[in-house]
Amino acid sequence: MNKIISLIAICLLFVTILSSCQQEKKLPFYGERHTETIKDSSGADKIDTVYQTIPNWSFLNQDSVVTTNRATDGKVYIADFFFTSCTTICPTMHRNLMTVYNQFKTNPDVMFVSHTIDFKYDRPYVLKKYAQKLGVDGAKWQFLYGSKDSVYTLAEKNYLVAVGEDSTAKDGYIHQGYLVLIDKDRRIRGAYDGTKKDQVEQLKKDIPVLLAEYKK
Amino acid sequence: MRKYIINSIFMLSIMAVIFSCQNQETVDLQNYMSNGKDIYKSRCQNCHGENGEGLGELAPPLTDSVFLKTNKSRLACIIKNGINEPLIVHGKEYKEKMPAFPELADIDVAQVMVYITNSFGNNQGFVPYKQVSTQLQNCK
């Protein structure tokens with residue numbers, strides 16, 4: 001008898017967990033967080049969690065135009081770090097990211113931002129040629145060039161992606177192949193291995209979930 | 001009864017010998033194909049794609065049987081040493097650079113070459129390792 005009761009209890013627990021998951025389909029927040037006490041509309045103190053955000057940035061894009069965070073402000077975007085002469089993971093990352101791009105091409109709320117980590121060679125005109133050969137045209141997917149310091153700091157501190165120069169690596173640089181999903185308030189909401197098809201498929205499912213958060 | 005069993009064993013072994021002789025090349029081909037596929041996946045697929053479709057204008061497809069046939073004798077050299085000259089594949093010009101793969105042994109080159117020339121709609125048959133080795137010694 002006891003056994004049956006506990007079995008039922010476990011089943012019930014599962015059902016509640018499952019259904020609660022479905023109800024609140026919300027993507028997680030990545031990075032550091034802290035709480036702040038703020039006053040709500042009625043003037044009462046309220047504790048709020050503040051999440052890590054992407055700071056302001058300014059780089060040259062593939063058209064040699066100064067491009068800043070204003071391009072992505074108020075949009076959901078996917079950021080990654082690569083370089084054009086990379087012969088290992090980048091072709092796979094961008095092959096996969098292309099499929100995401102093609103799916104959300106016509107959605108004005110979604111953007112793509114690729115930072116080169118090859119500050120020596122990947123000048124804007126090199127990025128332009130690369131974008132065209134990949135099959136990308138227009139402003140929806142920005143390819144950004146900046147100084148080593150600014151790009152590497154942004155990668156490691158803000159997007160939480162490891163990048164670096166490494167003379168022993170095949171192409172002279174090492175980096176992680178994450179596609180980082182940023183929400184309209186500049187918070188990190190996902191990181192997907194761009195070399196893995198299943199994770200990229202997950203990204204395609206998560207973008208609409210994130211967009212839906214803003215529809216309420 | 002005993003005679004019958006011995007007879008059939010004898011027949012079976014003869015058949016086995018004939019069978020294996022006839023198919024040595026088929027067996028080799030299968031071996032090359034399966035090893036070649038592993039090499040392809042780990043070294044080539046990033047640029048040339050899961051189905052040899054290429055990547056935009058950055059990497060040409062491996063589905064142009066005519067190109068592969070015309071360049072049969074230099075494929076091994078292309079794979080091992082990379083290539084950096086304009087190529088016309090499926091009527092489109094590619095002016096990119098393919099990296100060298102110095103870490104691939106001759107047998108690896110032979111296997112991946114046999115794999116690509118017998119996949120993605122290509123069907124050029126078997127090339128033994130010895131022949132590939134000779135080609136690799138005469139790369140320009």
# chains A, B, ... in the order shown; residues from 1 in each chain; ligands from 1

call {"tool": "interface_residues", "arguments": {"of": "chain B", "to": "chain A", "cutoff": "12 Å", "atoms": "only C-alpha atoms", "output": "count of residues only"}}
result
30

call {"tool": "select_by_dssp", "arguments": {"residues": "region 31-133 of chain B", "states": "strand (DSSP E)", "output": "VMD selection string"}}
result
chain B and resid 87 to 89 92 to 94

call {"tool": "closest_residue", "arguments": {"among": "B:Ser65, B:His90, B:Asn84, B:Arg74", "to": "Asn123 (chain B)", "atoms": "only C-alpha atoms"}}
result
B:Ser65

call {"tool": "select_by_dssp", "arguments": {"residues": "region 45-130 of chain A", "states": "helix (DSSP H, G or I)", "output": "PyMOL selection string"}}
result
chain A and resi 69-71+89-104+124-130

call {"tool": "residues_around", "arguments": {"residues": "region 54-70 of chain A", "least_positions_apart": "2", "cutoff": "9 Å", "atoms": "only C-alpha atoms", "output": "ChimeraX atom specification"}}
result
/A:52,72-74,123-129,131,142-147,150-151,154,158-159,182,185-188

call {"tool": "write_last_selection", "arguments": {"atoms": "C-alpha atoms", "output": "PDB file, in the first residue's frame"}}
result
ATOM      1  CA  GLN A  52      25.156  40.859 -17.192  1.00  0.00           C
ATOM      2  CA  THR A  72      21.494  45.862 -32.662  1.00  0.00           C
ATOM      3  CA  ASP A  73      19.761  47.835 -29.896  1.00  0.00           C
ATOM      4  CA  GLY A  74      16.193  46.668 -29.463  1.00  0.00           C
ATOM      5  CA  ARG A 123      40.248  44.392 -42.984  1.00  0.00           C
ATOM      6  CA  PRO A 124      36.700  45.439 -43.914  1.00  0.00           C
ATOM      7  CA  TYR A 125      37.215  44.778 -47.635  1.00  0.00           C
ATOM      8  CA  VAL A 126      38.375  41.238 -46.809  1.00  0.00           C
ATOM      9  CA  LEU A 127      35.245  40.769 -44.706  1.00  0.00           C
ATOM     10  CA  LYS A 128      33.132  42.114 -47.551  1.00  0.00           C
ATOM     11  CA  LYS A 129      34.542  39.607 -50.011  1.00  0.00           C
ATOM     12  CA  ALA A 131      30.428  37.786 -46.841  1.00  0.00           C
ATOM     13  CA  GLN A 142      27.237  42.553 -39.869  1.00  0.00           C
ATOM     14  CA  PHE A 143      30.873  41.473 -40.157  1.00  0.00           C
ATOM     15  CA  LEU A 144      32.876  43.623 -37.770  1.00  0.00           C
ATOM     16  CA  TYR A 145      36.526  44.621 -37.644  1.00  0.00           C
ATOM     17  CA  GLY A 146      38.188  46.141 -34.601  1.00  0.00           C
ATOM     18  CA  SER A 147      41.436  46.371 -32.653  1.00  0.00           C
ATOM     19  CA  SER A 150      38.493  45.783 -28.105  1.00  0.00           C
ATOM     20  CA  VAL A 151      37.424  42.568 -29.815  1.00  0.00           C
ATOM     21  CA  LEU A 154      34.386  41.915 -25.712  1.00  0.00           C
ATOM     22  CA  ASN A 158      31.124  40.107 -22.300  1.00  0.00           C
ATOM     23  CA  TYR A 159      30.156  37.311 -24.649  1.00  0.00           C
ATOM     24  CA  ILE A 182      21.482  38.148 -27.077  1.00  0.00           C
ATOM     25  CA  ASP A 185      18.004  44.174 -23.481  1.00  0.00           C
ATOM     26  CA  ARG A 186      21.550  43.061 -24.308  1.00  0.00           C
ATOM     27  CA  ARG A 187      21.480  40.075 -21.972  1.00  0.00           C
ATOM     28  CA  ILE A 188      22.999  36.685 -22.875  1.00  0.00           C
TER      29      ILE A 188
END

call {"tool": "closest_residue", "arguments": {"among": "B:Ile116, B:Ile6, B:Cys139, B:Leu68", "to": "Lys80 (chain B)", "atoms": "only C-alpha atoms"}}
result
B:Cys139

call {"tool": "closest_residue", "arguments": {"among": "B:Lys72, B:Lys130, B:Lys3, B:Lys140", "to": "Ala110 (chain B)", "atoms": "only C-alpha atoms"}}
result
B:Lys130

call {"tool": "atom_distance", "arguments": {"atom1": "CA of Leu27 (chain A)", "atom2": "CA of Tyr178 (chain A)"}}
result
16.7 Å

call {"tool": "atom_distance", "arguments": {"atom1": "CA of Gly194 (chain A)", "atom2": "CA of Tyr51 (chain A)"}}
result
24.1 Å

call {"tool": "atom_distance", "arguments": {"atom1": "CA of Gln135 (chain B)", "atom2": "CA of Phe67 (chain B)"}}
result
17.7 Å
